[in-house]
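Student: Okay, handing you the structure first.
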Amino acid sequence: MMHLIIITGMSGAGKSQALNTLEDQDYYCVDNLPLNMLEELFNNNWVISKEKIAIGVDVRSGKLQLDSLPAIVKRLKSKFRTDLVYLYASKGIIFKRYSETRRKHPLSTSKMGLDAAIRAEYELLTPVRAIADFQLETSDTDIYELANSIKQRICVLSEKQLSLSFQSFGFKYGAPRDSDFIYDVRCLPNPYWVPELRIKSGQTEAVAKWLDSQQLVQDMYQDIRKFLETWMPHFIDNQRAYLTLSIGCTGGHHRSVYLIDKLAEHFQQDSSVSIIVNHREINAKSKQ
């Protein structure tokens with residue numbers, strides 16, 4: 001079955017880069033297609049003969065056309081495997097990107113400055129974001145990380161049934177946005193209080209061995225694993241293509257990291273699922 005991806009989201013969030021990545025992955029790509037031509041495109045036999053198609057849609061389509069997008073997507077989903085992907089970044093980051101490149105925002109005019117244009121776009125796209133199958137924040141993502149995320153989480157769906165993302169984080173730095181499920185494991189025994197383990201991460205053998213010996217930790221692992229094993233088939237049956245499960249401890253370096261890696265290792269064995277792992281605090285530290 002053909003895999004159709006509709007890429008949309010905020011201007012400056014990386015839609016063009018996403019389409020470039022998809023093109024490199026053998027998707028037939030069309031950028032800035034007017035929405036009133038979207039369904040008409042699939043009346044062309046040459047187009048529907050393609051196995052993988054990506055369409056870029058943005059705010060230049062206008063409010064009236066954007067309002068029609070939910071109904072259009074619903075009709076396309078009844079015919080093809082269709083995923084609506086929404087890219088976004090914080091308003092401050094979008095402002096910074098446009099200021100640095102000196103490019104013109106598509107909504108800015110002589111009467112509407114950059115800041116007002118970004119706010120107006122955010123409002124226009126709110127209903128579109130609400131129906132997205134997958135949302136990807138690019139505030140702290142460079143072009144190489146964005147390309148990798150697109151390949152790992154989106155391109156695999158032409159072959160896999162579900163893209164399952166596991167993420168560890170520290171509550172002291174804030175809970176992640178756009179998680180489908182968040183587990184709080186701060187109630188578990190903490191290797192931070194073992195002096196020789198404090199500076200080590202949950203990926204080290206010493207910490208893993210200590211956590212292996214803690215019954216509460218193993219009980220939590222079994223509970224989360226059983227939840228996913230029970231409900232993943234139902235999500236797949238309901239045509240859910242993306243799931244993000246986040247586990248948080250205090251600092252995001254020990255318990256959450258250990259549990260995420262243990263879960264990812266187990267579910268890697270499922271050929272119908274594509275796994276991606278993100279250790280938020282460890283990755284953030286490595287960038288410093």
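Chain labels run A, B, ... following the order of the structure tokens; each chain numbers its residues from 1, and ligands are numbered from 1 in the order shown.
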Give me, as JSON lines, the closest atom pair and its distance (Å, one decimal) for every residue of range 36-141 of chain A within a cut-off of 9 Å of range 174-187 of chain A, counting only C-alpha atoms, rows sorted by chain and rising number.

Tutor:
{"residue": "A:Phe134", "atom": "CA", "partner": "A:Asp178", "partner_atom": "CA", "distance": 8.9}
{"residue": "A:Gln135", "atom": "CA", "partner": "A:Asp178", "partner_atom": "CA", "distance": 7.1}
{"residue": "A:Leu136", "atom": "CA", "partner": "A:Asp178", "partner_atom": "CA", "distance": 8.3}
{"residue": "A:Glu137", "atom": "CA", "partner": "A:Arg177", "partner_atom": "CA", "distance": 8.8}

Student: From the options A:Arg198, A:His253, A:Lys15, A:Lys50, which residue's atoms come nearest to Leu146 in chain A, counting only C-alpha atoms?

Tutor: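 The answer is A:Lys15, which sits nearest to Leu146 in chain A.
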
Student: Of the residues A:Ser165, A:Gln218, A:Thr244, A:Thr141, which is the one nearest to Gln268 in chain A, using only C-alpha atoms?

Tutor: A:Ser165

Student: Give the strand (DSSP E or B) residues of range 1-80 of chain A, as assigned by DSSP on the backbone, as a VMD selection string.

Tutor: chain A and resid 3 to 9 28 to 30 52 to 56

Student: Take the residues from that selection and put them in a file with C-alpha atoms, as a PDB file, in the first residue's frame.

Tutor:
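Below you can see part-v1.pdb, which holds the result:
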ATOM      1  CA  HIS A   3       2.540   5.517   2.101  1.00  0.00           C
ATOM      2  CA  LEU A   4       1.488   9.180   1.974  1.00  0.00           C
ATOM      3  CA  ILE A   5       3.092  11.687   4.329  1.00  0.00           C
ATOM      4  CA  ILE A   6       1.743  15.223   4.673  1.00  0.00           C
ATOM      5  CA  ILE A   7       4.379  17.523   6.176  1.00  0.00           C
ATOM      6  CA  THR A   8       3.075  20.695   7.761  1.00  0.00           C
ATOM      7  CA  GLY A   9       3.801  22.983  10.681  1.00  0.00           C
ATOM      8  CA  TYR A  28       8.180  11.488  -4.401  1.00  0.00           C
ATOM      9  CA  CYS A  29       7.942  14.982  -2.884  1.00  0.00           C
ATOM     10  CA  VAL A  30       5.777  17.989  -3.716  1.00  0.00           C
ATOM     11  CA  LYS A  52       5.976   6.600  -1.193  1.00  0.00           C
ATOM     12  CA  ILE A  53       4.762  10.202  -1.531  1.00  0.00           C
ATOM     13  CA  ALA A  54       5.371  13.257   0.657  1.00  0.00           C
ATOM     14  CA  ILE A  55       3.426  16.506   0.334  1.00  0.00           C
ATOM     15  CA  GLY A  56       4.443  19.783   1.939  1.00  0.00           C
TER      16      GLY A  56
END

Student: Between A:His254, A:Arg119, A:Arg240, A:Lys91, which has the minimum distance to Pro191 in chain A (counting only C-alpha atoms)?

Tutor: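 Of A:His254, A:Arg119, A:Arg240, A:Lys91, the one nearest Pro191 in chain A, counting only C-alpha atoms, is A:His254.
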
Student: Report as a ChimeraX atom specification all protein, DNA and RNA residues lying within 8 Å of His279 in chain A, evaluated on only C-alpha atoms, omitting residues in the same chain fewer than 5 positions from it.

Tutor: /A:167-169,252,257

Student: Need the shell around Phe171 in chain A: protein/DNA/RNA residues with any atom at most 7 Å away, counting only C-alpha atoms. Skip same-chain ones fewer than 5 positions apart. Format as a ChimeraX atom specification?

Tutor: /A:248-251

Student: Quick one: write out the picked residues with N, CA and C atoms as a short mmCIF file (atom, residue, chain, number, x, y, z; two decimals), in the first residue's frame?

Tutor:
data_model
loop_
_atom_site.label_atom_id
_atom_site.label_comp_id
_atom_site.auth_asym_id
_atom_site.auth_seq_id
_atom_site.Cartn_x
_atom_site.Cartn_y
_atom_site.Cartn_z
N GLY A 248 10.51 9.23 33.69
CA GLY A 248 11.27 10.27 34.37
C GLY A 248 11.66 9.88 35.77
N CYS A 249 12.90 10.20 36.12
CA CYS A 249 13.34 10.12 37.52
C CYS A 249 13.74 11.54 37.91
N THR A 250 14.48 11.70 38.97
CA THR A 250 14.78 13.06 39.43
C THR A 250 15.69 13.81 38.47
N GLY A 251 16.85 13.21 38.16
CA GLY A 251 17.81 13.90 37.30
C GLY A 251 17.89 13.38 35.88
#

Student: May I have the residues within 12 Å of Arg102 in chain A as a list of chain:residue names, using only C-alpha atoms and disregarding those fewer than 5 positions away in the same chain?

Tutor: A:Gly12, A:Ile94, A:Phe95, A:Lys96, A:Arg97, A:Leu114

Student: Write down as a ChimeraX atom specification the residues of range 40-278 of chain A whose backbone DSSP state falls under helix (DSSP H, G or I).

Tutor: /A:40-41,45-48,59-61,63-67,69-77,91-101,114-130,143-153,155-158,171-173,191-193,195-197,205-212,215-237,255-267

Student: Calculate how many Å separate CA of Phe235 in chain A from CA of Pro127 in chain A, rounding to one decimal.

Tutor: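 Pair CA of Phe235 in chain A / CA of Pro127 in chain A returns 23.1 Å.
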
Student: I'd like the contact shell of Val277 in chain A - 12 Å cut-off, only C-alpha atoms, skipping same-chain residues fewer than 6 positions apart - returned as a list in words.

Tutor: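 Answer for this query is Ser149, Gln152, Arg153, Ser163, Leu164, Ser165, Phe166, Gln167, Ser168, Phe169, Thr244, Leu245, Ser246, Ile247, Ser256, Val257, Tyr258, Leu259, Ile260, Asp261, Lys262, Leu263, Ala264, Glu265, Phe267, Gln268 and Asn283 of chain A.
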
Student: Okay, now the selection with N, CA and C atoms, as a tab-separated table (two decimals), in the first residue's frame?

Tutor:
chain	number	residue	atom	x	y	z
A	149	SER	N	15.85	12.02	12.82
A	149	SER	CA	14.53	11.79	13.41
A	149	SER	C	13.50	11.42	12.35
A	152	GLN	N	14.22	7.82	11.27
A	152	GLN	CA	13.95	6.82	12.29
A	152	GLN	C	12.48	6.71	12.65
A	153	ARG	N	11.76	7.83	12.62
A	153	ARG	CA	10.40	7.80	13.12
A	153	ARG	C	9.33	7.82	12.04
A	163	SER	N	5.86	3.16	15.06
A	163	SER	CA	7.09	3.81	15.47
A	163	SER	C	6.98	4.09	16.96
A	164	LEU	N	7.78	3.39	17.75
A	164	LEU	CA	7.71	3.48	19.21
A	164	LEU	C	8.95	4.18	19.74
A	165	SER	N	8.75	5.33	20.35
A	165	SER	CA	9.86	6.12	20.88
A	165	SER	C	9.91	6.01	22.39
A	166	PHE	N	11.08	5.64	22.92
A	166	PHE	CA	11.32	5.57	24.35
A	166	PHE	C	12.20	6.75	24.75
A	167	GLN	N	11.81	7.47	25.79
A	167	GLN	CA	12.57	8.64	26.22
A	167	GLN	C	12.74	8.68	27.73
A	168	SER	N	13.97	8.89	28.17
A	168	SER	CA	14.23	9.13	29.59
A	168	SER	C	14.40	10.62	29.82
A	169	PHE	N	14.06	11.08	31.01
A	169	PHE	CA	14.20	12.51	31.32
A	169	PHE	C	14.27	12.71	32.83
A	244	THR	N	4.88	7.54	21.91
A	244	THR	CA	6.05	7.99	22.66
A	244	THR	C	5.82	7.72	24.13
A	245	LEU	N	6.70	6.92	24.71
A	245	LEU	CA	6.63	6.60	26.13
A	245	LEU	C	7.84	7.20	26.83
A	246	SER	N	7.60	8.04	27.81
A	246	SER	CA	8.68	8.71	28.54
A	246	SER	C	8.70	8.24	29.99
A	247	ILE	N	9.90	8.05	30.51
A	247	ILE	CA	10.08	7.66	31.90
A	247	ILE	C	10.98	8.70	32.56
A	256	SER	N	15.62	6.15	35.17
A	256	SER	CA	14.87	6.27	33.91
A	256	SER	C	15.68	5.75	32.73
A	257	VAL	N	16.97	6.03	32.72
A	257	VAL	CA	17.85	5.58	31.63
A	257	VAL	C	17.92	4.05	31.61
A	258	TYR	N	18.10	3.46	32.76
A	258	TYR	CA	18.16	2.01	32.88
A	258	TYR	C	16.88	1.36	32.37
A	259	LEU	N	15.74	1.86	32.80
A	259	LEU	CA	14.45	1.26	32.41
A	259	LEU	C	14.17	1.44	30.91
A	260	ILE	N	14.50	2.60	30.37
A	260	ILE	CA	14.29	2.84	28.94
A	260	ILE	C	15.11	1.87	28.11
A	261	ASP	N	16.38	1.71	28.45
A	261	ASP	CA	17.24	0.80	27.69
A	261	ASP	C	16.76	-0.65	27.81
A	262	LYS	N	16.29	-1.02	28.99
A	262	LYS	CA	15.81	-2.39	29.20
A	262	LYS	C	14.54	-2.65	28.38
A	263	LEU	N	13.64	-1.68	28.35
A	263	LEU	CA	12.42	-1.82	27.55
A	263	LEU	C	12.74	-1.84	26.05
A	264	ALA	N	13.62	-0.94	25.62
A	264	ALA	CA	13.97	-0.87	24.20
A	264	ALA	C	14.61	-2.18	23.74
A	265	GLU	N	15.46	-2.75	24.56
A	265	GLU	CA	16.11	-4.02	24.21
A	265	GLU	C	15.06	-5.12	24.02
A	267	PHE	N	11.73	-4.76	23.25
A	267	PHE	CA	10.81	-4.55	22.13
A	267	PHE	C	11.51	-4.49	20.77
A	268	GLN	N	12.84	-4.42	20.78
A	268	GLN	CA	13.58	-4.51	19.51
A	268	GLN	C	13.31	-5.84	18.82
A	283	ASN	N	21.85	13.28	26.52
A	283	ASN	CA	22.15	13.88	25.22
A	283	ASN	C	22.39	15.38	25.34

Student: From the set A:Pro189, A:Pro195, A:Pro70, A:Pro34, which residue has the shortest atom-to-atom contact distance to Leu125 in chain A, counting only C-alpha atoms?

Tutor: A:Pro70

Student: I'd like the contact shell of Gly62 in chain A - 12 Å cut-off, only C-alpha atoms, skipping same-chain residues fewer than 6 positions apart - returned as a list in words.

Tutor: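 Once the nearby chain positions are removed, what remains is Asn32, Leu33, Pro34, Leu35, Asn36, Ser68, Leu69, Pro106, Leu107, Ala120, Glu121, Leu124 and Leu125 of chain A.
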
Student: Taking only C-alpha atoms into account, name the residue in A:Leu162, A:Ala89, A:Val73, A:Met220 that is nearest to Tyr122 in chain A.

Tutor: A:Ala89

Student: Just checking: using only C-alpha atoms, which residue out of A:Cys155, A:Ile143, A:Ala116, A:Arg129 ends up closest to Tyr27 in chain A?

Tutor: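 With only C-alpha atoms as the atom set, the closest residue is A:Cys155.
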